[in-house]
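A.B. asks: Data file model27.txt (compact mmCIF, C-alpha atoms and all ligand atoms) is appended below.
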# COMPACT_ATOMS: atom_id res chain seq x y z
CA MET A 1 42.47 18.65 55.33
CA LYS A 2 41.17 17.43 51.95
CA ILE A 3 43.23 14.59 50.46
CA GLY A 4 42.65 12.81 47.19
CA ILE A 5 43.40 12.34 43.51
CA ASP A 6 44.92 15.43 41.92
CA ALA A 7 45.52 13.87 38.50
CA ILE A 8 44.78 10.55 36.79
CA GLU A 9 46.01 9.03 33.52
CA MET A 10 45.95 5.68 31.77
CA ASP A 11 47.93 3.58 29.34
CA THR A 12 47.01 0.48 27.36
CA PRO A 13 48.75 -1.48 24.57
CA ASP A 14 48.46 -0.26 20.98
CA PHE A 15 47.00 -3.61 19.83
CA TYR A 16 43.59 -5.18 20.34
CA VAL A 17 41.48 -8.11 19.21
CA ASP A 18 37.84 -7.73 18.17
CA LEU A 19 35.73 -9.97 20.40
CA VAL A 20 32.98 -10.57 17.81
CA LYS A 21 35.67 -12.05 15.54
CA LEU A 22 37.16 -14.01 18.45
CA ALA A 23 33.71 -15.43 19.35
CA LYS A 24 33.26 -16.69 15.79
CA VAL A 25 36.66 -18.41 15.79
CA ARG A 26 35.89 -19.99 19.20
CA GLY A 27 32.49 -21.20 17.94
CA ASP A 28 30.58 -18.97 20.40
CA ASP A 29 27.63 -16.67 19.77
CA PRO A 30 29.12 -13.12 19.60
CA ASN A 31 26.19 -11.90 21.74
CA LYS A 32 27.56 -13.97 24.60
CA TYR A 33 30.72 -11.82 24.52
CA THR A 34 29.18 -8.41 23.76
CA ILE A 35 25.94 -8.76 25.79
CA GLY A 36 26.37 -11.73 28.16
CA ILE A 37 29.87 -10.65 29.25
CA GLY A 38 29.62 -7.06 28.02
CA GLN A 39 32.96 -6.73 26.23
CA ASP A 40 33.60 -5.55 22.64
CA GLU A 41 37.38 -5.42 22.27
CA GLN A 42 40.40 -6.59 24.26
CA ALA A 43 43.85 -5.04 24.61
CA VAL A 44 46.67 -7.34 23.47
CA PRO A 45 50.08 -6.59 25.01
CA PRO A 46 53.14 -7.67 23.00
CA SER A 47 55.92 -9.18 25.13
CA SER A 48 57.85 -5.88 24.92
CA GLN A 49 55.15 -4.43 27.18
CA ASP A 50 54.73 -5.49 30.77
CA ILE A 51 53.42 -3.83 33.91
CA VAL A 52 56.62 -1.80 34.23
CA THR A 53 56.35 -0.26 30.76
CA LEU A 54 52.57 0.23 30.99
CA GLY A 55 52.94 1.74 34.46
CA ALA A 56 55.81 4.00 33.37
CA ASN A 57 53.88 5.15 30.28
CA ALA A 58 50.85 6.07 32.42
CA ALA A 59 52.98 7.71 35.12
CA ALA A 60 54.92 9.80 32.59
CA LYS A 61 51.63 11.43 31.56
CA VAL A 62 50.53 12.26 35.09
CA LEU A 63 53.77 13.65 36.53
CA THR A 64 54.50 17.39 36.50
CA PRO A 65 57.59 19.24 37.74
CA ALA A 66 55.60 20.15 40.88
CA SER A 67 54.47 16.59 41.68
CA ARG A 68 57.99 15.25 40.98
CA ALA A 69 59.47 17.78 43.39
CA SER A 70 57.05 16.88 46.20
CA LEU A 71 57.10 13.11 45.66
CA GLY A 72 57.35 11.08 48.86
CA MET A 73 56.35 7.62 47.69
CA ILE A 74 55.84 5.53 44.55
CA LEU A 75 53.38 2.71 45.10
CA VAL A 76 52.63 0.09 42.44
CA GLY A 77 49.61 -2.15 42.90
CA THR A 78 49.87 -5.21 40.66
CA GLU A 79 49.26 -8.94 40.53
CA SER A 80 51.35 -9.48 37.40
CA GLY A 81 54.67 -8.27 38.77
CA VAL A 82 57.88 -9.01 36.90
CA ASP A 83 60.06 -10.10 39.81
CA ALA A 84 59.29 -11.96 43.03
CA SER A 85 61.64 -9.71 44.99
CA LYS A 86 62.42 -6.36 43.36
CA SER A 87 59.54 -3.91 43.29
CA ALA A 88 58.15 -2.75 39.94
CA ALA A 89 58.17 0.70 41.53
CA LEU A 90 62.00 0.69 41.34
CA PHE A 91 62.07 -0.18 37.62
CA ILE A 92 59.60 2.66 37.02
CA HIS A 93 61.56 4.97 39.32
CA ASP A 94 64.60 4.37 37.12
CA LEU A 95 62.80 4.75 33.76
CA LEU A 96 61.24 8.05 34.84
CA ALA A 97 64.39 9.34 36.58
CA LEU A 98 62.40 10.06 39.75
CA PRO A 99 63.97 11.64 42.82
CA GLU A 100 66.11 9.47 45.08
CA TRP A 101 64.54 10.56 48.39
CA VAL A 102 61.35 8.51 48.06
CA ARG A 103 59.92 5.16 49.17
CA ALA A 104 59.30 2.77 46.26
CA VAL A 105 57.12 -0.27 46.96
CA GLU A 106 54.92 -2.83 45.19
CA LEU A 107 51.66 -4.05 46.78
CA LYS A 108 49.74 -7.24 46.05
CA GLU A 109 46.22 -8.46 46.77
CA ALA A 110 44.74 -9.42 43.39
CA CYS A 111 42.64 -6.59 41.93
CA TYR A 112 42.53 -4.82 45.29
CA GLY A 113 46.25 -3.81 45.16
CA GLY A 114 45.54 -0.44 43.50
CA THR A 115 43.05 0.48 46.20
CA ALA A 116 45.46 -0.63 48.93
CA ALA A 117 48.05 1.71 47.37
CA LEU A 118 45.56 4.57 47.12
CA MET A 119 44.54 4.23 50.77
CA MET A 120 48.16 3.97 51.89
CA ALA A 121 48.89 7.12 49.88
CA ARG A 122 45.97 8.89 51.53
CA ASP A 123 47.19 7.98 55.02
CA TYR A 124 50.75 9.03 54.12
CA VAL A 125 49.63 12.46 52.90
CA ALA A 126 47.60 12.89 56.11
CA SER A 127 50.87 12.71 58.07
CA HIS A 128 53.04 14.40 55.37
CA PRO A 129 50.74 17.17 54.03
CA ASP A 130 53.44 18.74 51.84
CA LYS A 131 54.17 15.46 50.00
CA SER A 132 52.57 13.82 46.98
CA VAL A 133 52.38 10.10 46.16
CA LEU A 134 52.53 8.48 42.74
CA VAL A 135 50.08 5.56 42.75
CA ILE A 136 50.24 3.16 39.81
CA ALA A 137 47.86 0.25 39.23
CA ALA A 138 49.09 -1.88 36.33
CA ASP A 139 48.26 -5.40 35.18
CA ILE A 140 48.11 -7.87 32.35
CA ALA A 141 45.14 -10.24 32.74
CA ARG A 142 45.85 -13.63 31.12
CA TYR A 143 43.75 -16.79 31.38
CA GLY A 144 44.85 -18.62 28.22
CA LEU A 145 43.67 -19.16 24.66
CA ALA A 146 40.24 -20.76 24.32
CA THR A 147 39.61 -20.80 28.09
CA ALA A 148 36.39 -19.57 29.75
CA GLY A 149 38.33 -16.59 31.06
CA GLU A 150 39.79 -15.60 27.67
CA VAL A 151 37.00 -13.12 26.94
CA THR A 152 37.80 -11.36 30.25
CA GLN A 153 41.53 -10.74 29.57
CA GLY A 154 43.00 -7.25 29.12
CA ALA A 155 46.02 -5.06 29.84
CA GLY A 156 46.69 -1.54 31.01
CA ALA A 157 47.71 0.84 33.75
CA VAL A 158 46.28 3.80 35.61
CA ALA A 159 48.53 6.33 37.34
CA MET A 160 47.34 8.85 39.93
CA ILE A 161 48.89 11.65 41.94
CA VAL A 162 47.55 11.73 45.50
CA LYS A 163 48.06 14.92 47.49
CA ALA A 164 46.48 17.46 49.81
CA ASP A 165 43.97 19.87 48.26
CA PRO A 166 43.46 17.70 45.16
CA ARG A 167 42.01 19.32 42.05
CA LEU A 168 40.09 16.22 40.88
CA LEU A 169 38.50 14.05 43.59
CA THR A 170 38.81 13.86 47.35
CA ILE A 171 39.04 10.44 48.95
CA GLU A 172 36.56 10.67 51.80
CA PRO A 173 37.48 9.02 55.13
CA ASP A 174 34.47 6.70 54.85
CA SER A 175 35.97 3.39 53.70
CA VAL A 176 34.29 0.14 54.65
CA TYR A 177 36.47 -2.89 53.94
CA ARG A 178 36.24 -6.63 54.48
CA SER A 179 38.69 -9.54 54.09
CA ALA A 180 38.14 -13.31 54.04
CA SER A 181 40.36 -16.06 52.61
CA ILE A 182 38.53 -17.81 49.74
CA ASN A 183 39.67 -19.62 46.59
CA ASP A 184 37.76 -17.89 43.81
CA PHE A 185 40.76 -16.86 41.69
CA TRP A 186 44.53 -17.23 42.04
CA ARG A 187 47.76 -17.56 40.04
CA PRO A 188 50.48 -20.02 41.09
CA VAL A 189 53.99 -18.46 40.94
CA TYR A 190 55.15 -20.84 38.16
CA GLN A 191 52.68 -19.63 35.50
CA ASP A 192 51.51 -16.40 33.88
CA THR A 193 47.87 -17.40 33.46
CA ALA A 194 45.32 -17.10 36.27
CA LEU A 195 43.05 -19.85 37.54
CA ALA A 196 39.46 -19.07 38.43
CA GLN A 197 36.41 -20.81 39.74
CA GLY A 198 34.49 -18.56 37.40
CA LYS A 199 30.91 -18.79 38.62
CA TYR A 200 31.96 -18.93 42.29
CA SER A 201 34.11 -15.81 41.77
CA THR A 202 31.13 -13.87 40.41
CA GLU A 203 29.00 -14.98 43.37
CA GLN A 204 31.70 -13.92 45.83
CA TYR A 205 32.13 -10.54 44.11
CA LEU A 206 28.41 -9.87 44.59
CA ALA A 207 28.33 -11.22 48.16
CA PHE A 208 31.27 -9.01 49.15
CA PHE A 209 29.66 -6.01 47.47
CA LYS A 210 26.37 -6.60 49.28
CA THR A 211 27.99 -6.82 52.73
CA VAL A 212 30.30 -3.79 52.42
CA TRP A 213 27.58 -1.65 50.77
CA GLU A 214 25.06 -2.50 53.50
CA ARG A 215 27.58 -1.73 56.22
CA TYR A 216 28.64 1.49 54.48
CA GLN A 217 25.04 2.72 54.42
CA ALA A 218 24.53 1.85 58.08
CA ASP A 219 27.83 3.41 59.23
CA HIS A 220 27.52 6.63 57.24
CA HIS A 221 23.76 7.14 56.99
CA LEU A 222 24.01 7.47 53.21
CA SER A 223 22.03 5.65 50.53
CA ALA A 224 22.08 5.30 46.73
CA HIS A 225 20.16 8.57 46.46
CA ASP A 226 23.20 10.44 47.85
CA PHE A 227 25.48 9.27 45.02
CA ALA A 228 25.84 11.07 41.71
CA ALA A 229 27.46 7.91 40.32
CA MET A 230 28.72 4.52 41.45
CA THR A 231 31.77 2.86 39.92
CA PHE A 232 32.83 -0.75 40.31
CA HIS A 233 35.78 -3.03 39.80
CA LEU A 234 35.10 -4.25 36.26
CA PRO A 235 36.56 -7.68 35.45
CA TYR A 236 34.06 -7.35 32.58
CA THR A 237 31.24 -4.84 32.34
CA LYS A 238 28.40 -7.29 33.05
CA MET A 239 29.91 -8.01 36.49
CA GLY A 240 29.61 -4.36 37.53
CA LYS A 241 26.09 -4.23 36.10
CA LYS A 242 25.08 -7.15 38.33
CA ALA A 243 26.37 -5.28 41.39
CA LEU A 244 24.57 -2.09 40.36
CA ASP A 245 21.38 -4.14 39.85
CA LEU A 246 21.47 -4.92 43.59
CA VAL A 247 21.36 -1.18 44.34
CA LEU A 248 18.80 0.12 41.82
CA PRO A 249 15.63 -1.40 43.37
CA THR A 250 16.49 0.27 46.70
CA THR A 251 16.27 3.84 45.40
CA ASP A 252 13.85 6.22 43.66
CA ASP A 253 13.35 6.17 39.86
CA ALA A 254 15.31 9.35 39.15
CA SER A 255 18.31 8.18 41.17
CA ALA A 256 18.16 4.74 39.55
CA GLN A 257 18.16 6.27 36.06
CA ARG A 258 21.04 8.59 36.94
CA LEU A 259 23.13 5.72 38.35
CA LYS A 260 22.37 3.55 35.31
CA ASN A 261 23.35 6.25 32.81
CA ARG A 262 26.56 7.04 34.61
CA PHE A 263 27.40 3.38 35.09
CA GLU A 264 27.23 3.02 31.30
CA ALA A 265 29.70 5.92 30.94
CA SER A 266 32.03 4.22 33.44
CA THR A 267 32.16 1.00 31.38
CA ARG A 268 33.24 2.39 28.00
CA TYR A 269 36.99 2.02 28.41
CA CYS A 270 36.59 -1.45 29.94
CA ARG A 271 34.51 -2.54 26.93
CA GLN A 272 37.46 -1.66 24.68
CA ILE A 273 40.38 -2.68 26.91
CA GLY A 274 39.17 -5.52 29.16
CA ASN A 275 40.13 -6.35 32.72
CA ILE A 276 43.22 -4.51 33.92
CA TYR A 277 42.88 -6.05 37.39
CA THR A 278 44.27 -3.50 39.92
CA GLY A 279 43.59 -0.53 37.66
CA SER A 280 40.14 -1.61 36.54
CA LEU A 281 38.10 0.38 39.08
CA TYR A 282 40.16 3.50 38.34
CA LEU A 283 39.87 3.00 34.57
CA GLY A 284 36.11 2.94 35.23
CA LEU A 285 36.35 6.19 37.20
CA LEU A 286 38.34 7.79 34.36
CA SER A 287 35.82 6.51 31.79
CA LEU A 288 32.98 8.06 33.79
CA LEU A 289 34.74 11.42 34.08
CA ASP A 290 35.77 11.44 30.40
CA HIS A 291 32.33 10.49 29.04
CA ASP A 292 29.75 12.10 31.33
CA THR A 293 29.52 15.86 30.81
CA THR A 294 26.74 16.35 33.38
CA LEU A 295 28.75 15.67 36.54
CA GLN A 296 29.36 18.70 38.74
CA ALA A 297 31.75 19.79 41.46
CA GLY A 298 30.45 18.59 44.81
CA ASP A 299 29.03 15.35 43.37
CA ARG A 300 29.71 12.23 45.41
CA ILE A 301 31.02 9.21 43.50
CA GLY A 302 30.99 5.72 45.02
CA LEU A 303 33.85 3.31 44.36
CA PHE A 304 33.68 -0.44 44.92
CA SER A 305 36.97 -2.32 44.85
CA TYR A 306 37.15 -6.13 44.80
CA GLY A 307 40.27 -8.28 44.78
CA SER A 308 39.83 -12.02 44.61
CA GLY A 309 41.11 -14.00 47.50
CA ALA A 310 39.36 -11.75 48.74
CA VAL A 311 39.34 -8.14 49.95
CA ALA A 312 36.59 -5.63 49.14
CA GLU A 313 36.26 -1.95 49.94
CA PHE A 314 33.58 0.66 49.35
CA PHE A 315 34.40 4.35 49.69
CA SER A 316 33.44 7.65 48.13
CA GLY A 317 35.06 10.71 46.62
CA ILE A 318 33.78 14.24 46.05
CA LEU A 319 34.45 16.02 42.75
CA GLN A 320 36.44 19.23 43.23
CA PRO A 321 35.78 22.66 41.63
CA GLN A 322 38.64 22.31 39.09
CA PHE A 323 37.98 18.67 38.17
CA LYS A 324 37.15 19.33 34.50
CA GLU A 325 40.52 21.00 33.92
CA GLN A 326 42.23 17.79 35.07
CA LEU A 327 40.64 15.60 32.37
CA HIS A 328 42.03 14.65 28.94
CA ALA A 329 39.19 12.81 27.19
CA ALA A 330 40.31 13.74 23.66
CA GLU A 331 43.81 12.29 24.19
CA HIS A 332 42.33 9.06 25.55
CA ALA A 333 39.95 8.77 22.59
CA GLN A 334 42.91 9.29 20.27
CA GLN A 335 44.98 6.66 22.05
CA LEU A 336 42.20 4.11 21.61
CA THR A 337 41.41 4.94 17.98
CA LYS A 338 45.06 4.73 16.92
CA ARG A 339 45.31 1.11 18.18
CA LYS A 340 45.90 -1.59 15.58
CA GLU A 341 43.48 -4.49 15.37
CA LEU A 342 45.16 -7.89 15.32
CA PRO A 343 43.41 -10.66 13.38
CA VAL A 344 42.70 -13.63 15.69
CA PRO A 345 45.66 -15.78 14.47
CA GLU A 346 48.05 -12.88 15.03
CA TYR A 347 46.55 -12.22 18.50
CA GLU A 348 47.15 -15.89 19.31
CA ALA A 349 50.76 -15.66 18.12
CA VAL A 350 51.42 -12.47 20.12
CA PHE A 351 49.77 -14.04 23.19
CA SER A 352 51.97 -17.12 22.91
CA ASP A 353 55.24 -15.20 22.36
CA LYS A 354 55.99 -14.42 26.01
CA VAL A 355 58.91 -13.99 28.38
CA PRO A 356 59.56 -17.62 29.41
CA TYR A 357 59.41 -18.83 33.00
CA ASP A 358 62.99 -20.16 32.79
CA ALA A 359 66.57 -18.85 32.76
CA ASP A 360 66.97 -18.67 28.94
CA ASP A 361 67.71 -15.31 27.34
CA TYR A 362 64.70 -13.78 25.62
CA ARG A 363 64.19 -10.87 23.23
CA PRO A 364 60.74 -9.53 22.24
CA ASP A 365 59.93 -8.98 18.56
CA PRO A 366 60.85 -5.34 17.69
CA ALA A 367 58.00 -5.28 15.15
CA TYR A 368 55.65 -4.78 18.11
CA TYR A 369 57.66 -2.07 19.88
CA ARG A 370 55.22 0.69 20.89
CA GLY A 371 54.93 3.31 23.61
CA GLN A 372 57.52 5.46 25.34
CA PHE A 373 59.05 2.58 27.35
CA ILE A 374 59.71 -0.99 26.23
CA LEU A 375 61.23 -4.21 27.50
CA THR A 376 64.07 -5.02 25.09
CA GLY A 377 65.04 -8.35 26.60
CA VAL A 378 65.75 -10.59 29.52
CA ILE A 379 69.46 -11.31 29.25
CA GLY A 380 71.37 -13.31 31.85
CA GLN A 381 68.15 -13.33 33.90
CA GLU A 382 68.10 -9.52 34.11
CA ARG A 383 65.34 -7.41 32.60
CA HIS A 384 66.39 -4.62 30.24
CA TYR A 385 64.15 -1.65 29.57
CA GLU A 386 64.64 1.29 27.23
CA LYS A 387 63.04 4.57 26.37
CA HIS A 388 61.68 4.19 22.85
CA GLN A 389 60.38 6.88 20.52
CA SER A 390 57.46 5.34 18.59
P1 LIG B 401 31.29 -18.73 31.01
O1 LIG B 401 31.01 -20.00 31.70
O2 LIG B 401 31.96 -18.79 29.71
O3 LIG B 401 30.02 -17.87 30.73
O4 LIG B 401 32.15 -17.86 32.04
P2 LIG B 401 28.48 -18.13 31.13
O5 LIG B 401 28.00 -19.37 30.48
O6 LIG B 401 28.33 -17.94 32.63
O7 LIG B 401 27.85 -16.89 30.36
C1 LIG B 401 28.19 -15.60 30.71
C2 LIG B 401 26.95 -14.74 30.52
O8 LIG B 401 26.64 -14.70 29.11
C3 LIG B 401 25.69 -15.29 31.20
O9 LIG B 401 24.96 -14.21 31.66
C4 LIG B 401 24.94 -15.95 30.05
O10 LIG B 401 23.54 -16.04 30.25
C5 LIG B 401 25.25 -14.99 28.92
P3 LIG B 401 24.59 -14.09 33.23
O11 LIG B 401 23.80 -15.27 33.58
O12 LIG B 401 25.94 -14.06 33.95
O13 LIG B 401 23.89 -12.78 33.34
N1 LIG B 401 25.12 -15.55 27.58
C6 LIG B 401 24.55 -14.88 26.56
N2 LIG B 401 24.03 -13.64 26.47
C7 LIG B 401 23.54 -13.24 25.26
N3 LIG B 401 23.57 -14.05 24.14
C8 LIG B 401 24.06 -15.29 24.20
C9 LIG B 401 24.59 -15.76 25.45
N4 LIG B 401 25.19 -16.91 25.85
C10 LIG B 401 25.49 -16.77 27.15
N5 LIG B 401 24.07 -16.07 23.12
C11 LIG B 401 33.07 -16.13 33.38
C12 LIG B 401 32.02 -16.47 32.32
C13 LIG B 401 32.98 -14.64 33.70
C14 LIG B 401 32.79 -16.91 34.65
C15 LIG B 401 34.47 -16.47 32.82
O14 LIG B 401 34.75 -15.63 31.73
C16 LIG B 401 35.58 -16.37 33.84
O15 LIG B 401 35.86 -17.32 34.56
N6 LIG B 401 36.28 -15.18 33.93
C17 LIG B 401 37.37 -14.99 34.89
C18 LIG B 401 36.88 -14.80 36.31
C19 LIG B 401 36.16 -13.48 36.51
O16 LIG B 401 36.30 -12.55 35.76
N7 LIG B 401 35.40 -13.38 37.62
C20 LIG B 401 34.71 -12.15 37.97
C21 LIG B 401 34.51 -11.99 39.47
S1 LIG B 401 36.05 -12.15 40.36
C22 LIG B 401 36.85 -10.62 40.10
O17 LIG B 401 36.25 -9.69 39.68
C23 LIG B 401 38.32 -10.56 40.40
C24 LIG B 401 39.22 -10.64 39.18
O18 LIG B 401 39.25 -9.40 38.51
C25 LIG B 401 40.63 -11.06 39.60
C26 LIG B 401 41.33 -10.34 40.73
O19 LIG B 401 40.77 -9.91 41.72
O20 LIG B 401 42.56 -10.27 40.63
C27 LIG B 401 38.78 -11.67 38.18
Spell out the structure here as structure tokens.
C.D. replies:
Amino acid sequence: MKIGIDAIEMDTPDFYVDLVKLAKVRGDDPNKYTIGIGQDEQAVPPSSQDIVTLGANAAAKVLTPASRASLGMILVGTESGVDASKSAALFIHDLLALPEWVRAVELKEACYGGTAALMMARDYVASHPDKSVLVIAADIARYGLATAGEVTQGAGAVAMIVKADPRLLTIEPDSVYRSASINDFWRPVYQDTALAQGKYSTEQYLAFFKTVWERYQADHHLSAHDFAAMTFHLPYTKMGKKALDLVLPTTDDASAQRLKNRFEASTRYCRQIGNIYTGSLYLGLLSLLDHDTTLQAGDRIGLFSYGSGAVAEFFSGILQPQFKEQLHAAEHAQQLTKRKELPVPEYEAVFSDKVPYDADDYRPDPAYYRGQFILTGVIGQERHYEKHQS
């Protein structure tokens, strides 16, 4: 039985900061941000948007009456969850009025959580072939103003429907995964900004990629030549480029050129949005599918997932005959062009106006209300969400 992604959608805040302007304010050479890191713009979420609203906005676009009716599970991969106990999947379940007879769970392992959810969904459909699973990967990446990680922040969500006989991309049963406890990146529970040993984290990303990719090739007797495209977890686009650069010298010129061109297509949304942690690999997949018009049914796409801490997985998917009908590139382009640029001082103010880590009541500024779902406040230590018509 074929199992995989039947539909995929994304959401990102309606505000962004221009990274050339940010570099100038920070006293950095803009080329460091746009070439050295490989990022042009960065999504800025107002405090009325969190992973629940971003996840619900993305999921609302991907659900159909048929997938709602067959839903067996809602899985949310995130590392910026809004409650230490209650699953974000339940908040989203409520906002979208999803059926009662489902499992609703949140999964965490840094940026790997989305892949963990996808693989769990795949296994579930294998034993429940008539069911579909809503997989959401949503995150807000925060390091802090004027930190080394600031240029690699971002926010957004990707939602996918996983089912039997998918119209978009199968998930092949070829995963190679590896786990080892390391301290490259983490976020203590008392703060909303992540800590990273930046250079060490980039070295570990590449070391994990190298080991799982080598083992994948040995286990499955496949090489770079067999892939129409390879997509990577993109904390920033240069990171994925460094991983691809390990592959290119091992293949023929035509394959190398093909992988390079398609890698570039896979980075376009990341360049404008930034790191969305758990959803980043899948935003890259969507960017590839939306921007490359030469891909064909039957093409094999490689996916490399990396979550600090760390877990890595390499697997592949095969494009299905109807894949083009499942894409909505024009809507995504429109969503990005209608975003409002925030001047750097306003970005800093929006960044600093956040739901506090204490028991005080808090209400976000309605001037920044955007999207179908919003957080209207945390009152008496309970989060309140509403449907909002923007
Ligand atoms: P940094 O120290 O500011 O930057 O930190 P740098 O000095 O290393 O420079 C970055 C690049 O810009 C270098 O290129 C420079 O040469 C180049 P590279 O040597 O890497 O190829 N550069 C220039 N290029 C052109 N013109 C110039 C110029 N100046 C310098 N004028 C760092 C960068 C990414 C480490 C930092 O932003 C950071 O700590 N980010 C957060 C951690 C991170 O993203 N790590 C990635 C791997 S871990 C991961 O992917 C998991 C993660 O998503 C979390 C999770 O799993 O949940 C993060």
A.B. asks: Considering all atoms listed in the file, can you say which of A:Thr147, A:Ser352, A:Gln42, A:Ser316 comes closest to Leu336 of chain A?
C.D. replies: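 Comparing A:Thr147, A:Ser352, A:Gln42, A:Ser316 against Leu336 of chain A, the winner is A:Gln42.
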A.B. asks: As a PyMOL selection string, please: the residues near Ile37 of chain A (cut-off 8 Å, only C-alpha atoms, same-chain neighbours under 4 positions excluded).
C.D. replies: chain A and resi 32-33+151+236-239
A.B. asks: As number ranges by chain, please: every protein or nucleic acid residue near ligand LIG 401 (chain B) (cut-off 8 Å, counting only C-alpha atoms and all ligand atoms).
C.D. replies: A: 28-37, 79, 109-112, 143, 147-153, 184-186, 195-205, 233-236, 238-239, 242, 275-278, 306-310
A.B. asks: Would you work out the distance separating atom CA of Ala7 of chain A from atom CA of Ser266 of chain A, expressed in Å to one decimal?
C.D. replies: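 Between atom CA of Ala7 of chain A and atom CA of Ser266 of chain A the gap works out to 17.3 Å.
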A.B. asks: Closest to Arg262 of chain A among A:Ala228, A:Ile140, A:Val176, A:Leu303, using only C-alpha atoms?
C.D. replies: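 Closest to Arg262 of chain A of all the choices is A:Ala228.
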A.B. asks: So which residues touch Ala43 of chain A within 8 Å, counting all atoms listed in the file, skipping near sequence neighbours fewer than 3 positions away, as an mmCIF file with C-alpha atoms, in the coordinates of the input?
C.D. replies:
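Dumped to selection32.cif:
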data_model
loop_
_atom_site.group_PDB
_atom_site.id
_atom_site.type_symbol
_atom_site.label_atom_id
_atom_site.label_comp_id
_atom_site.auth_asym_id
_atom_site.auth_seq_id
_atom_site.Cartn_x
_atom_site.Cartn_y
_atom_site.Cartn_z
ATOM 1 C CA THR A 12 47.010 0.480 27.360
ATOM 2 C CA PRO A 13 48.750 -1.480 24.570
ATOM 3 C CA ASP A 14 48.460 -0.260 20.980
ATOM 4 C CA PHE A 15 47.000 -3.610 19.830
ATOM 5 C CA TYR A 16 43.590 -5.180 20.340
ATOM 6 C CA VAL A 17 41.480 -8.110 19.210
ATOM 7 C CA GLN A 153 41.530 -10.740 29.570
ATOM 8 C CA GLY A 154 43.000 -7.250 29.120
ATOM 9 C CA ALA A 155 46.020 -5.060 29.840
ATOM 10 C CA GLY A 156 46.690 -1.540 31.010
ATOM 11 C CA GLN A 272 37.460 -1.660 24.680
ATOM 12 C CA ILE A 273 40.380 -2.680 26.910
ATOM 13 C CA GLY A 274 39.170 -5.520 29.160
#
A.B. asks: Identify, on the basis of only C-alpha atoms, every residue whose closest approach to segment 83-86 of chain A does not exceed 9 Å; exclude the query and any residue fewer than 5 positions from it along the same chain; express the result as a list in words.
C.D. replies: Phe91, Val105, Glu106 and Val189 of chain A
A.B. asks: If we count all atoms listed in the file and set the cut-off at 10 Å, which residues sit around segment 325-331 of chain A, ignoring sequence neighbours fewer than 5 positions away in its own chain? Please answer as a ChimeraX atom specification.
C.D. replies: /A:6-9,62,167-168,286-287,289-291,336-337
A.B. asks: Just how far from atom CA of Val52 of chain A is atom CA of Gly144 of chain A, in Å to one decimal?
C.D. replies: 21.4 Å
A.B. asks: Identify which of the residues A:Pro343, A:Gly38, A:Pro321, A:Pro46 lies closest to Leu375 of chain A, counting only C-alpha atoms when measuring atom-to-atom distances.
C.D. replies: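 Once distances to Leu375 of chain A are computed over only C-alpha atoms, the minimum belongs to A:Pro46.
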A.B. asks: Counting only C-alpha atoms, what is within 10 Å of Ala224 of chain A, bar same-chain residues fewer than 6 positions away, as a VMD selection string?
C.D. replies: chain A and resid 213 217 230 247 to 252 255 to 256 259 302
A.B. asks: Kindly save the residues from that selection, with C-alpha atoms included, as a JSON list (two decimals), keeping the file's coordinate frame.
C.D. replies:
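Just written: again_33.json:
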[["chain", "number", "residue", "atom", "x", "y", "z"],
["A", 213, "TRP", "CA", 27.58, -1.65, 50.77],
["A", 217, "GLN", "CA", 25.04, 2.72, 54.42],
["A", 230, "MET", "CA", 28.72, 4.52, 41.45],
["A", 247, "VAL", "CA", 21.36, -1.18, 44.34],
["A", 248, "LEU", "CA", 18.80, 0.12, 41.82],
["A", 249, "PRO", "CA", 15.63, -1.40, 43.37],
["A", 250, "THR", "CA", 16.49, 0.27, 46.70],
["A", 251, "THR", "CA", 16.27, 3.84, 45.40],
["A", 252, "ASP", "CA", 13.85, 6.22, 43.66],
["A", 255, "SER", "CA", 18.31, 8.18, 41.17],
["A", 256, "ALA", "CA", 18.16, 4.74, 39.55],
["A", 259, "LEU", "CA", 23.13, 5.72, 38.35],
["A", 302, "GLY", "CA", 30.99, 5.72, 45.02]]
A.B. asks: Which residue, A:Ala243, A:Val355, A:Ile92, A:Val44, has the smallest gap to Leu206 of chain A when you use all atoms listed in the file?
C.D. replies: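 Among the listed residues, A:Ala243 lies closest to Leu206 of chain A.
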A.B. asks: Using atom CA of Met73 of chain A and atom CA of Leu134 of chain A as the two end points, give the distance in Å to one decimal.
C.D. replies: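 A separation of 6.3 Å between them.
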